$ cat my_file03.txt   # compact mmCIF, C-alpha atoms and all ligand atoms
# COMPACT_ATOMS: atom_id res chain seq x y z
CA MET A 217 22.98 6.80 55.80
CA PRO A 218 25.41 9.38 54.38
CA TYR A 219 24.44 12.60 52.66
CA LEU A 220 26.19 14.46 49.87
CA MET A 221 26.16 18.26 50.15
CA ILE A 222 27.11 19.92 46.90
CA GLY A 223 27.42 23.64 46.20
CA ILE A 224 28.11 25.65 43.04
CA ASP A 225 28.85 29.28 42.17
CA ASP A 226 30.08 31.69 39.51
CA THR A 227 28.52 30.02 36.51
CA ASP A 228 27.01 33.14 34.96
CA TRP A 229 28.75 35.66 32.75
CA GLU A 230 28.03 39.26 31.73
CA GLY A 231 25.99 38.23 28.69
CA GLY A 232 23.91 35.40 30.19
CA GLY A 233 23.66 32.29 32.31
CA CYS A 234 22.37 31.90 35.84
CA THR A 235 23.59 29.63 38.63
CA THR A 236 20.00 28.87 39.68
CA TYR A 237 19.42 27.47 36.17
CA VAL A 238 22.41 25.13 36.41
CA MET A 239 21.03 23.77 39.71
CA TYR A 240 17.57 23.47 38.17
CA LEU A 241 18.92 21.33 35.32
CA PHE A 242 20.90 19.22 37.79
CA VAL A 243 17.70 18.56 39.75
CA LYS A 244 15.87 17.65 36.52
CA TYR A 245 18.53 15.00 35.78
CA LEU A 246 18.05 13.51 39.25
CA ILE A 247 14.32 13.41 38.70
CA LYS A 248 14.74 11.73 35.32
CA ASP A 249 16.78 9.04 37.08
CA GLY A 250 13.99 8.52 39.63
CA LEU A 251 15.99 10.06 42.49
CA THR A 252 13.48 12.75 43.56
CA ASN A 253 13.02 11.23 46.99
CA ASN A 254 16.75 11.32 47.64
CA ILE A 255 16.77 15.11 47.66
CA VAL A 256 16.63 16.34 51.25
CA GLY A 257 14.48 19.44 51.76
CA LEU A 258 14.60 21.97 48.96
CA PRO A 259 17.72 23.08 47.08
CA ARG A 260 19.12 26.26 48.62
CA LEU A 261 19.74 29.65 47.03
CA THR A 262 22.14 31.65 49.18
CA ARG A 263 22.90 35.29 48.50
CA LEU A 264 26.35 36.33 49.68
CA ASN A 265 27.88 39.71 50.51
CA PRO A 266 26.17 42.24 48.21
CA TYR A 267 29.22 44.52 48.35
CA VAL A 268 31.91 42.15 46.99
CA PRO A 269 33.52 43.68 43.93
CA PHE A 270 33.72 40.45 41.88
CA LYS A 271 30.02 39.65 41.66
CA THR A 272 28.24 39.92 38.30
CA ARG A 273 24.71 40.56 39.57
CA GLY A 274 23.07 39.32 42.75
CA ASN A 275 25.96 37.26 44.23
CA ALA A 276 23.99 34.04 44.36
CA SER A 277 25.39 30.61 45.18
CA LEU A 278 23.44 27.34 45.24
CA SER A 279 23.58 24.06 47.12
CA ILE A 280 21.67 20.82 47.45
CA ILE A 281 21.67 17.88 49.87
CA ILE A 282 21.25 14.36 48.47
CA ARG A 283 20.83 11.10 50.39
CA ILE A 284 23.35 8.57 49.05
CA GLU A 285 23.98 4.85 49.60
CA SER A 286 27.72 5.09 49.94
CA GLU A 287 30.51 7.61 49.53
CA SER A 288 31.28 6.31 46.03
CA ASP A 289 27.84 7.52 44.84
CA ALA A 290 29.00 11.03 45.55
CA VAL A 291 31.53 10.89 42.70
CA ASN A 292 28.80 10.28 40.11
CA TYR A 293 26.75 13.24 41.28
CA VAL A 294 29.77 15.54 41.32
CA GLU A 295 30.72 14.40 37.81
CA LEU A 296 27.21 15.13 36.59
CA MET A 297 27.37 18.63 38.08
CA TYR A 298 30.82 19.15 36.62
CA SER A 299 29.77 18.17 33.10
CA LEU A 300 26.66 20.36 33.30
CA ILE A 301 28.78 23.37 34.22
CA ASP A 302 31.24 22.51 31.47
CA GLN A 303 28.50 22.40 28.84
CA MET A 304 26.57 25.45 29.97
CA VAL A 305 29.06 28.03 31.14
CA LYS A 306 30.85 30.53 28.92
CA ARG A 307 34.15 31.20 30.66
CA VAL A 308 34.39 34.84 29.69
CA GLY A 309 35.41 37.89 31.74
CA LYS A 310 35.40 37.31 35.49
CA THR A 311 33.47 34.03 35.29
CA SER A 312 35.30 31.36 37.24
CA PRO A 313 32.97 28.49 38.20
CA GLY A 314 33.53 26.32 41.24
CA ILE A 315 32.06 23.30 43.01
CA ALA A 316 32.32 22.39 46.70
CA TYR A 317 31.13 19.07 48.08
CA MET A 318 31.34 16.96 51.20
CA VAL A 319 29.83 13.79 52.57
CA VAL A 320 28.32 13.98 56.06
CA ASN A 321 26.56 11.45 58.23
CA ASP A 322 24.59 13.81 60.42
CA LEU A 323 22.78 16.82 58.98
CA LEU A 324 21.94 18.11 62.45
CA ASN A 325 25.59 18.61 63.31
CA ILE A 326 27.06 20.68 60.53
CA ASN A 327 30.61 21.70 61.40
CA GLU A 328 30.68 25.11 63.16
CA ARG A 329 33.61 26.23 60.99
CA LEU A 330 31.50 25.78 57.87
CA ILE A 331 28.62 27.76 59.38
CA TRP A 332 31.12 30.48 60.35
CA PHE A 333 32.47 30.53 56.79
CA TYR A 334 28.95 30.98 55.37
CA ARG A 335 28.25 33.86 57.76
CA LYS A 336 31.56 35.51 56.96
CA SER A 337 30.92 35.20 53.22
CA VAL A 338 27.56 36.93 53.60
CA ARG A 339 29.04 39.81 55.62
CA ASP A 340 32.66 40.17 54.59
CA VAL A 341 35.16 39.55 51.80
CA VAL A 342 36.92 36.21 52.11
CA THR A 343 39.97 34.89 50.29
CA LEU A 344 40.38 31.78 48.20
CA ASP A 345 43.07 30.70 50.62
CA LEU A 346 40.65 30.87 53.55
CA ALA A 347 38.12 28.79 51.60
CA HIS A 348 40.76 26.10 51.04
CA ARG A 349 41.78 26.10 54.71
CA VAL A 350 38.17 25.79 55.91
CA ALA A 351 37.50 23.07 53.33
CA ASP A 352 40.50 21.09 54.63
CA LYS A 353 39.24 21.37 58.19
CA VAL A 354 35.69 20.25 57.40
CA ASN A 355 36.67 17.58 54.85
CA ALA A 356 35.10 19.32 51.89
CA ARG A 357 36.51 19.10 48.38
CA LEU A 358 36.82 22.16 46.17
CA VAL A 359 36.96 21.94 42.38
CA GLY A 360 37.39 24.89 40.00
CA GLY A 361 38.06 28.62 40.28
CA ARG A 362 36.90 31.52 42.46
CA GLY A 363 33.38 30.08 42.52
CA VAL A 364 34.51 27.59 45.18
CA ILE A 365 34.20 30.40 47.76
CA GLY A 366 30.47 30.84 47.23
CA ALA A 367 29.97 27.11 46.67
CA LEU A 368 31.53 26.26 50.04
CA ALA A 369 29.69 29.09 51.79
CA SER A 370 26.36 27.74 50.58
CA LEU A 371 27.06 24.39 52.26
CA GLY A 372 27.24 26.22 55.62
CA PHE A 373 23.73 27.69 55.31
CA VAL A 374 21.96 26.45 58.46
CA PRO A 375 19.04 28.86 58.58
CA VAL A 376 17.55 30.52 61.62
CA ASP A 377 15.38 32.54 59.27
CA ALA A 378 14.67 31.80 55.62
CA THR A 379 12.32 32.52 52.73
CA TYR A 380 11.34 30.79 49.49
CA GLU A 381 11.61 31.73 45.86
CA PHE A 382 9.69 30.17 43.00
CA ILE A 383 11.83 30.73 39.89
CA ALA A 384 10.37 30.16 36.41
CA TYR A 385 12.56 29.92 33.30
CA ARG A 386 11.91 31.02 29.72
CA PRO A 387 12.93 29.47 26.41
CA GLU A 388 16.44 30.58 25.49
CA ASP A 389 15.52 31.94 22.07
CA GLU A 390 12.46 33.93 23.16
CA GLU A 391 12.15 37.47 24.46
CA ARG A 392 10.92 37.77 28.04
CA PRO A 393 7.17 38.54 27.81
CA ALA A 394 5.89 41.49 29.87
CA ILE A 395 3.83 40.20 32.78
CA ASP A 396 0.43 41.88 33.07
CA ILE A 397 0.27 44.03 36.18
CA ASN A 398 -3.34 42.95 36.81
CA ASP A 399 -2.24 39.33 37.17
CA VAL A 400 0.41 40.33 39.67
CA LYS A 401 -1.97 42.61 41.60
CA ALA A 402 -4.62 39.92 41.92
CA TRP A 403 -2.14 37.30 43.13
CA ASP A 404 -0.37 39.74 45.39
CA GLU A 405 -3.66 40.45 47.17
CA ALA A 406 -4.54 36.77 47.37
CA THR A 407 -1.22 35.63 48.80
CA ARG A 408 -0.14 38.55 51.00
CA PRO A 409 1.63 38.53 53.48
CA PHE A 410 3.06 35.15 52.48
CA THR A 411 4.59 36.52 49.28
CA PHE A 412 6.48 39.80 49.12
CA LEU A 413 8.07 42.35 46.77
CA ASN A 414 5.70 41.60 43.92
CA LEU A 415 4.85 45.21 43.08
CA TYR A 416 5.77 48.81 43.70
CA ASN A 417 2.83 51.05 42.79
CA ASP A 418 2.32 50.21 39.11
CA GLN A 419 5.68 48.58 38.61
CA VAL A 420 5.96 44.78 38.39
CA LEU A 421 8.95 43.63 40.46
CA ILE A 422 8.91 39.89 39.80
CA GLU A 423 10.61 40.08 36.38
CA PRO A 424 14.37 40.54 36.10
CA HIS A 425 15.80 42.68 33.29
CA GLY A 426 19.11 40.94 32.66
CA PRO A 427 20.10 38.48 29.93
CA ASP A 428 19.58 35.44 32.22
CA PRO A 429 17.06 32.65 31.51
CA VAL A 430 14.79 33.66 34.43
CA LEU A 431 11.22 34.49 33.43
CA PHE A 432 10.14 35.64 36.89
CA GLY A 433 10.62 34.94 40.59
CA ILE A 434 8.02 34.91 43.37
CA ARG A 435 9.37 35.37 46.87
CA GLY A 436 7.63 34.56 50.08
CA ASP A 437 7.57 33.00 53.52
CA SER A 438 5.37 30.09 52.48
CA PRO A 439 6.37 27.62 49.75
CA HIS A 440 2.69 26.85 49.18
CA HIS A 441 1.81 30.45 48.42
CA VAL A 442 4.75 31.01 46.07
CA LEU A 443 3.80 27.72 44.39
CA THR A 444 0.17 28.71 43.79
CA MET A 445 1.00 32.15 42.44
CA GLY A 446 4.05 30.96 40.50
CA ASN A 447 2.32 27.99 38.92
CA TYR A 448 -0.49 30.16 37.54
CA LEU A 449 1.93 32.67 36.03
CA ALA A 450 4.28 29.96 34.74
CA ASN A 451 1.41 28.43 32.75
CA LYS A 452 0.10 31.72 31.51
CA TYR A 453 3.49 33.03 30.36
CA ASN A 454 4.81 29.77 28.87
CA ALA A 455 7.63 28.98 31.27
CA ILE A 456 9.73 25.99 30.20
CA GLY A 457 10.00 24.88 33.83
CA TRP A 458 10.30 26.10 37.40
CA ILE A 459 11.68 25.26 40.83
CA ILE A 460 11.23 26.42 44.43
CA TYR A 461 14.38 27.25 46.40
CA LEU A 462 14.87 27.75 50.12
CA THR A 463 16.77 31.03 50.39
CA ASN A 464 18.34 33.54 52.75
CA GLN A 465 16.78 36.41 50.77
CA GLY A 466 14.97 39.08 52.77
CA THR A 467 16.54 37.92 56.03
CA GLU A 468 19.09 40.72 56.56
CA GLU A 469 21.73 38.07 57.13
CA HIS A 470 24.32 40.49 55.69
CA ARG A 471 23.93 43.05 58.47
CA SER A 472 26.89 42.98 60.82
CA HIS A 473 25.68 45.41 63.53
CA VAL A 474 29.15 46.89 64.01
CA GLY A 475 29.93 50.59 63.82
CA GLU A 476 33.36 50.23 62.28
CA PHE A 477 33.76 51.30 58.63
CA ILE A 478 35.48 48.44 56.83
CA PRO A 479 35.40 48.48 53.01
CA TYR A 480 32.83 46.16 51.38
CA ARG A 481 31.17 45.35 54.69
CA ASN A 482 27.94 46.38 56.28
CA ALA A 483 28.13 48.93 59.09
CA ASP A 484 25.54 50.13 61.56
CA ILE A 485 26.06 53.52 63.22
CA THR A 486 24.05 55.52 65.71
CA GLY A 487 24.44 59.26 66.27
CA VAL A 488 22.79 62.65 66.21
CA ILE A 489 22.24 64.01 62.72
CA THR A 490 24.06 67.36 62.53
CA ASN A 491 23.50 68.07 58.86
CA VAL A 492 21.60 66.74 55.86
CA ALA A 493 22.72 68.27 52.57
CA PHE A 494 21.00 67.50 49.27
CA ASP A 495 23.01 67.69 46.07
CA ASP A 496 21.54 68.78 42.71
CA LYS A 497 20.60 65.17 41.89
CA GLY A 498 18.61 64.87 45.11
CA HIS A 499 20.99 62.49 46.93
CA ALA A 500 21.27 63.24 50.65
CA LEU A 501 24.63 63.43 52.41
CA ILE A 502 24.01 62.88 56.11
CA THR A 503 26.58 63.90 58.72
CA LEU A 504 26.40 62.54 62.27
CA ASP A 505 27.87 64.14 65.40
CA ASN A 506 30.58 61.44 65.49
CA GLY A 507 31.86 62.73 62.14
CA ARG A 508 30.58 59.75 60.16
CA LYS A 509 29.01 60.43 56.76
CA ALA A 510 26.33 58.43 55.02
CA LEU A 511 24.95 58.79 51.52
CA ALA A 512 21.26 58.11 50.86
CA TYR A 513 20.78 57.94 47.09
CA ARG A 514 17.68 59.62 45.73
CA HIS A 515 16.53 56.44 43.98
CA LEU A 516 16.29 54.73 47.37
CA GLY A 517 13.38 57.07 48.02
CA ILE A 518 14.32 57.76 51.63
CA SER A 519 15.91 61.18 51.18
CA ARG A 520 12.57 62.99 51.55
CA GLU A 521 12.12 61.54 55.03
CA LEU A 522 15.29 63.27 56.12
CA MET A 523 14.05 66.82 55.64
CA ASN A 524 14.14 68.73 58.91
CA CYS A 525 15.94 65.94 60.70
CA ASP A 526 18.86 67.92 62.11
CA GLY A 527 19.21 67.02 65.79
CA CYS A 528 17.46 63.67 65.44
CA LEU A 529 19.03 60.63 67.03
CA ALA A 530 19.28 58.06 64.25
CA GLN A 531 20.54 54.59 63.51
CA VAL A 532 21.88 54.35 59.95
CA TRP A 533 23.04 51.17 58.25
CA GLY A 534 24.35 50.12 54.86
CA GLY A 535 27.42 49.04 52.93
CA VAL A 536 30.81 50.71 53.17
CA LYS A 537 32.13 51.79 49.78
CA PRO A 538 35.76 52.79 49.46
CA ASN A 539 35.34 55.90 47.30
CA GLY A 540 38.03 58.31 48.49
CA ASP A 541 37.08 58.57 52.13
CA LEU A 542 34.91 55.69 53.31
CA SER A 543 31.23 56.45 53.03
CA LEU A 544 28.16 54.48 53.94
CA TYR A 545 25.74 53.57 51.16
CA VAL A 546 22.49 53.80 53.11
CA GLU A 547 20.14 50.79 53.15
CA GLY A 548 17.91 52.00 55.95
CA ILE A 549 17.51 54.60 58.67
CA ARG A 550 15.66 54.39 61.95
CA VAL A 551 15.02 57.71 63.64
CA LEU A 552 15.04 56.89 67.34
CA HIS A 553 14.35 60.33 68.73
CA ASP A 554 12.97 63.03 66.51
CA ARG A 555 13.96 66.47 67.83
CA TYR A 556 12.16 68.43 65.14
CA VAL A 557 9.56 70.94 66.35
CA GLU A 558 7.37 73.02 64.13
CA VAL A 559 6.80 76.64 65.31
CA ARG A 560 3.79 78.50 63.87
CA ASN A 561 2.14 81.85 64.53
CA PRO A 562 -1.37 81.67 66.04
CA ARG A 563 -4.42 82.99 64.16
CA CYS A 564 -5.61 86.54 65.03
CA PRO A 565 -7.84 86.46 68.19
CA MET A 566 -9.96 89.32 66.76
CA CYS A 567 -10.72 88.23 63.18
CA GLY A 568 -9.12 84.80 62.75
CA GLY A 569 -6.72 86.12 60.07
CA PRO A 570 -3.09 85.05 59.60
CA MET A 571 -0.51 86.77 61.82
CA GLU A 572 3.04 87.82 61.04
CA SER A 573 6.02 88.61 63.21
CA MET A 574 7.02 92.25 63.75
CA GLY A 575 10.67 91.46 64.33
CA ARG A 576 12.67 91.59 67.54
CA SER A 577 9.88 93.09 69.65
CA GLY A 578 8.20 89.67 69.75
CA LEU A 579 4.94 91.30 68.69
CA LEU A 580 2.64 89.74 66.09
CA ARG A 581 0.47 91.70 63.68
CA CYS A 582 -2.64 90.46 61.94
CA LYS A 583 -2.31 90.70 58.17
CA ARG A 584 -6.04 91.15 57.79
CA CYS A 585 -7.25 93.55 60.58
CA GLY A 586 -3.93 95.00 61.79
CA PHE A 587 -4.37 93.80 65.40
CA GLN A 588 -1.05 93.75 67.29
CA GLY A 589 -0.25 91.72 70.38
CA LYS A 590 2.27 89.55 72.17
CA LEU A 591 0.84 86.07 71.68
CA PRO A 592 2.49 82.70 72.32
CA ARG A 593 3.65 80.77 69.24
CA ILE A 594 2.16 77.30 68.56
CA ILE A 595 4.84 74.67 69.04
CA THR A 596 4.16 71.19 67.64
CA PRO A 597 6.80 68.53 68.23
CA ARG A 598 6.86 65.96 65.41
CA ASN A 599 7.60 63.54 68.20
CA ARG A 600 7.57 60.26 66.37
CA TRP A 601 10.14 57.67 65.58
CA PHE A 602 10.19 56.28 62.12
CA LEU A 603 11.84 53.72 59.96
CA ALA A 604 12.90 54.89 56.52
CA ASN A 605 13.32 51.98 54.14
CA PRO A 606 14.15 52.16 50.44
CA ARG A 607 11.21 51.95 48.07
CA ALA A 608 10.32 48.36 47.16
CA SER A 609 11.77 48.63 43.65
CA GLU A 610 15.21 49.38 45.14
CA TYR A 611 15.46 46.42 47.50
CA ARG A 612 18.53 44.26 47.27
CA HIS A 613 18.16 40.53 47.72
CA LEU A 614 19.15 40.31 51.39
CA MET A 615 17.32 43.39 52.70
CA LYS A 616 14.26 42.65 54.78
CA PRO A 617 11.08 44.16 53.33
CA SER A 618 8.78 45.60 56.00
CA GLU A 619 6.04 43.08 55.00
CA ARG A 620 8.29 40.36 56.45
CA VAL A 621 8.62 41.88 59.91
CA GLY A 622 7.00 39.44 62.34
CA LEU A 623 7.21 36.47 59.97
CA GLU A 624 10.85 35.64 60.71
CA GLY A 625 11.46 31.92 61.11
CA LEU A 626 8.02 30.93 59.82
CA ALA A 627 9.48 29.40 56.66
CA LEU A 628 11.35 26.80 58.69
CA TYR A 629 8.09 25.31 59.97
CA MET A 630 6.59 24.95 56.52
CA PRO A 631 6.29 21.42 55.14
CA LYS A 632 7.97 20.78 51.80
CA PRO A 633 5.33 21.04 49.06
CA PHE A 634 4.59 17.82 47.22
CA LEU A 635 5.25 19.62 43.94
CA TRP A 636 8.33 21.85 44.04
CA VAL A 637 9.96 21.46 40.63
CA TYR A 638 8.57 21.04 37.15
P1 LIG B 701 24.23 35.75 40.34
O1 LIG B 701 24.18 36.50 39.05
O2 LIG B 701 24.19 34.26 40.15
O3 LIG B 701 23.24 36.29 41.27
P2 LIG B 701 26.72 37.00 40.61
O4 LIG B 701 26.84 36.80 39.17
O5 LIG B 701 26.45 38.36 41.09
O6 LIG B 701 25.62 35.99 41.11
P3 LIG B 701 28.84 35.30 40.82
O7 LIG B 701 28.94 35.09 39.36
O8 LIG B 701 28.26 34.20 41.61
O9 LIG B 701 28.04 36.57 41.24
O10 LIG B 701 30.28 35.70 41.28
C1 LIG B 701 30.59 36.04 42.57
C2 LIG B 701 32.00 35.57 42.86
O11 LIG B 701 32.42 36.11 44.10
C3 LIG B 701 32.06 34.07 43.00
O12 LIG B 701 33.28 33.62 42.45
C4 LIG B 701 32.08 33.82 44.51
O13 LIG B 701 32.78 32.65 44.85
C5 LIG B 701 32.75 35.08 45.00
N1 LIG B 701 32.29 35.52 46.30
C6 LIG B 701 31.04 35.53 46.77
N2 LIG B 701 31.00 36.04 48.01
C7 LIG B 701 32.26 36.35 48.33
C8 LIG B 701 32.86 36.92 49.49
N3 LIG B 701 32.14 37.26 50.53
N4 LIG B 701 34.19 37.12 49.48
C9 LIG B 701 34.93 36.78 48.40
N5 LIG B 701 34.41 36.23 47.29
C10 LIG B 701 33.10 36.04 47.23

$ encode --input "my_file03.txt" --output "structure tokens" --more "lines below"
Ligand code: ATP
Amino acid sequence: MPYLMIGIDDTDWEGGGCTTYVMYLFVKYLIKDGLTNNIVGLPRLTRLNPYVPFKTRGNASLSIIIRIESESDAVNYVELMYSLIDQMVKRVGKTSPGIAYMVVNDLLNINERLIWFYRKSVRDVVTLDLAHRVADKVNARLVGGRGVIGALASLGFVPVDATYEFIAYRPEDEERPAIDINDVKAWDEATRPFTFLNLYNDQVLIEPHGPDPVLFGIRGDSPHHVLTMGNYLANKYNAIGWIIYLTNQGTEEHRSHVGEFIPYRNADITGVITNVAFDDKGHALITLDNGRKALAYRHLGISRELMNCDGCLAQVWGGVKPNGDLSLYVEGIRVLHDRYVEVRNPRCPMCGGPMESMGRSGLLRCKRCGFQGKLPRIITPRNRWFLANPRASEYRHLMKPSERVGLEGLALYMPKPFLWVY
């Protein structure tokens, strides 16, 4: 039996809209027509390269797989999607919606070129021309503007690691209500580690702040846990509906593990830190012995960890921004070998008082009793490796939160919940 794979992108504009909402409404139409069982797995929310200049917010694209009777069925579904986009999208500014679709007979053998195109779109900047060439090769059809890039990329999402997001929507004409931190705390405790990035200290992280119709989103490695937490909050805060997506969020799929600095791509460099300079705003400019420079913004919260790190061997990764000379916008740092040693004066052997240095002679003098002597200094190596991640409130969609370490791949073994859209 054939399957229709259909992807969409670029349906939101500066003042509103959200591509996840378009897909949600599309799914609701299928359900109204009694086609729920034709939807294969869960609809997919794929985040693409976070450094592309044309994105409005989180660079999301969406796709869905539907079991169909014959190829001619596909046309009806595509027309439905097309008319939904036409009705809902304000074509202002950069907004340039696109649809990609293809009919396949075997979901286990997705064309390698399509998978490659997805991976490239998550890590690099691709051209419209490349999207058209790949589409030709894999027999996909592209309809619309620049959005066809993300739409096609989403069709090539064959996950080796994945997560889920429960997204609840609010009525269009109502303000987004503030979600009570106590609700989030209680559910965070009850569902951890199968949900993540719910809170940062006393800050609720599940609510967006933009003009989109999203009320909140619960992310996690288990669809059942995001469902339980999300369903409670959706009822309490009057959501008009909700859906669970399979996503590539939190999987670090955007990391390329190459040292080369190419604009708008992720780079991963290893070297000895020769200097860390803090500017008056508290941002840290890190220089490595290979001459590479990386900028850790203060709001990432990792600058403090870099104090006294000269001489440390470190792995630094992030996105390359082309401001003047290419610099790395730091997403994370792993100190592999910490060379920092703390040197302290011993206490006075006579009275236990603090001792001070007497200059070049190497002698120490007790500040309390005046005792003088040549005593060895106390040398304490910090001797630890550490991982410096941004604070939870600064995570971008694709970055892997530390709570997820060890849970990679788990999501793919999770059965589809009976209830996944409402
Ligand atoms: P959202 O708000 O839904 O999270 P976004 O608003 O940030 O996403 P889009 O409106 O989806 O971003 O616009 C991103 C545009 O960039 C789309 O047209 C998409 O096709 C295109 N795009 C995405 N990834 C790439 C890439 N790697 N190279 C080139 N173009 C890309």

$ residues_near_ligand --input "my_file03.txt" --ligand "ligand LIG 701 (chain B)" --cutoff "6 Å" --atoms "only C-alpha atoms and all ligand atoms" --output "PyMOL selection string"
chain A and resi 225-228+234-235+264-265+268+270-277+337-338+340-343+362-366

$ axis_aligned_box --input "my_file03.txt" --around "region 368-376 of chain A" --padding-each-side "5 Å" --output "AutoDock Vina command-line options"
--center_x 24.5 --center_y 27.5 --center_z 55.8 --size_x 24.0 --size_y 16.1 --size_z 21.6

$ closest_residue --input "my_file03.txt" --among "A:Ala483, A:Cys567, A:Leu346, A:Met523" --to "Val546 (chain A)" --atoms "all atoms listed in the file"
A:Ala483

$ residues_near_point --input "my_file03.txt" --point "(17.1, 28.9, 60.4)" --cutoff "9 Å" --atoms "all atoms listed in the file" --output "MDAnalysis selection string"
chainID A and resid 373:378 625 627:628

$ atom_distance --input "my_file03.txt" --atom1 "CA of Arg408 (chain A)" --atom2 "CA of Val420 (chain A)"
15.3 Å

$ closest_residue --input "my_file03.txt" --among "A:Ser573, A:Thr407, A:Thr486, A:Ser370" --to "Ala347 (chain A)" --atoms "all atoms listed in the file"
A:Ser370

$ decode --input "my_file03.txt" --residues "region 395-454 of chain A" --atoms "C-alpha atoms" --output "mmCIF file, in the first residue's frame"
data_model
loop_
_atom_site.group_PDB
_atom_site.id
_atom_site.type_symbol
_atom_site.label_atom_id
_atom_site.label_comp_id
_atom_site.auth_asym_id
_atom_site.auth_seq_id
_atom_site.Cartn_x
_atom_site.Cartn_y
_atom_site.Cartn_z
ATOM 1 C CA ILE A 395 1.294 29.274 33.957
ATOM 2 C CA ASP A 396 1.661 28.819 37.709
ATOM 3 C CA ILE A 397 5.193 27.764 38.581
ATOM 4 C CA ASN A 398 3.881 25.360 41.245
ATOM 5 C CA ASP A 399 2.005 23.383 38.601
ATOM 6 C CA VAL A 400 5.133 23.115 36.506
ATOM 7 C CA LYS A 401 7.318 22.195 39.500
ATOM 8 C CA ALA A 402 4.981 19.413 40.607
ATOM 9 C CA TRP A 403 4.744 17.913 37.119
ATOM 10 C CA ASP A 404 8.436 18.347 36.478
ATOM 11 C CA GLU A 405 9.200 16.276 39.584
ATOM 12 C CA ALA A 406 6.612 13.654 38.679
ATOM 13 C CA THR A 407 7.769 13.160 35.099
ATOM 14 C CA ARG A 408 11.539 13.668 35.293
ATOM 15 C CA PRO A 409 13.724 12.499 33.517
ATOM 16 C CA PHE A 410 11.167 11.762 30.792
ATOM 17 C CA THR A 411 10.329 15.439 30.310
ATOM 18 C CA PHE A 412 12.962 18.166 30.125
ATOM 19 C CA LEU A 413 13.515 21.940 30.059
ATOM 20 C CA ASN A 414 10.384 22.703 32.049
ATOM 21 C CA LEU A 415 11.998 25.112 34.505
ATOM 22 C CA TYR A 416 15.105 27.103 35.272
ATOM 23 C CA ASN A 417 15.163 28.011 38.968
ATOM 24 C CA ASP A 418 11.932 29.999 39.334
ATOM 25 C CA GLN A 419 11.443 30.629 35.647
ATOM 26 C CA VAL A 420 8.816 28.666 33.695
ATOM 27 C CA LEU A 421 10.306 27.580 30.353
ATOM 28 C CA ILE A 422 7.321 25.855 28.747
ATOM 29 C CA GLU A 423 5.593 29.064 27.599
ATOM 30 C CA PRO A 424 6.766 30.903 24.493
ATOM 31 C CA HIS A 425 6.688 34.704 24.412
ATOM 32 C CA GLY A 426 6.026 35.352 20.732
ATOM 33 C CA PRO A 427 2.779 36.248 18.961
ATOM 34 C CA ASP A 428 2.156 32.616 17.863
ATOM 35 C CA PRO A 429 -0.914 30.585 18.887
ATOM 36 C CA VAL A 430 1.117 28.230 21.130
ATOM 37 C CA LEU A 431 -0.017 28.151 24.754
ATOM 38 C CA PHE A 432 2.824 25.923 25.958
ATOM 39 C CA GLY A 433 5.022 23.007 24.924
ATOM 40 C CA ILE A 434 6.165 20.027 27.004
ATOM 41 C CA ARG A 435 9.257 18.250 25.730
ATOM 42 C CA GLY A 436 10.415 14.815 26.654
ATOM 43 C CA ASP A 437 11.705 11.391 25.736
ATOM 44 C CA SER A 438 8.417 9.639 26.447
ATOM 45 C CA PRO A 439 5.170 10.533 24.658
ATOM 46 C CA HIS A 440 3.224 9.161 27.623
ATOM 47 C CA HIS A 441 4.877 11.499 30.094
ATOM 48 C CA VAL A 442 4.469 14.600 27.921
ATOM 49 C CA LEU A 443 0.849 13.545 27.406
ATOM 50 C CA THR A 444 0.076 13.245 31.127
ATOM 51 C CA MET A 445 1.692 16.534 32.058
ATOM 52 C CA GLY A 446 0.433 18.354 28.965
ATOM 53 C CA ASN A 447 -3.134 17.132 29.275
ATOM 54 C CA TYR A 448 -3.410 18.379 32.865
ATOM 55 C CA LEU A 449 -2.077 21.825 31.978
ATOM 56 C CA ALA A 450 -4.119 22.031 28.765
ATOM 57 C CA ASN A 451 -7.323 21.525 30.774
ATOM 58 C CA LYS A 452 -6.329 23.881 33.529
ATOM 59 C CA TYR A 453 -5.272 26.708 31.201
ATOM 60 C CA ASN A 454 -8.115 26.361 28.664
#
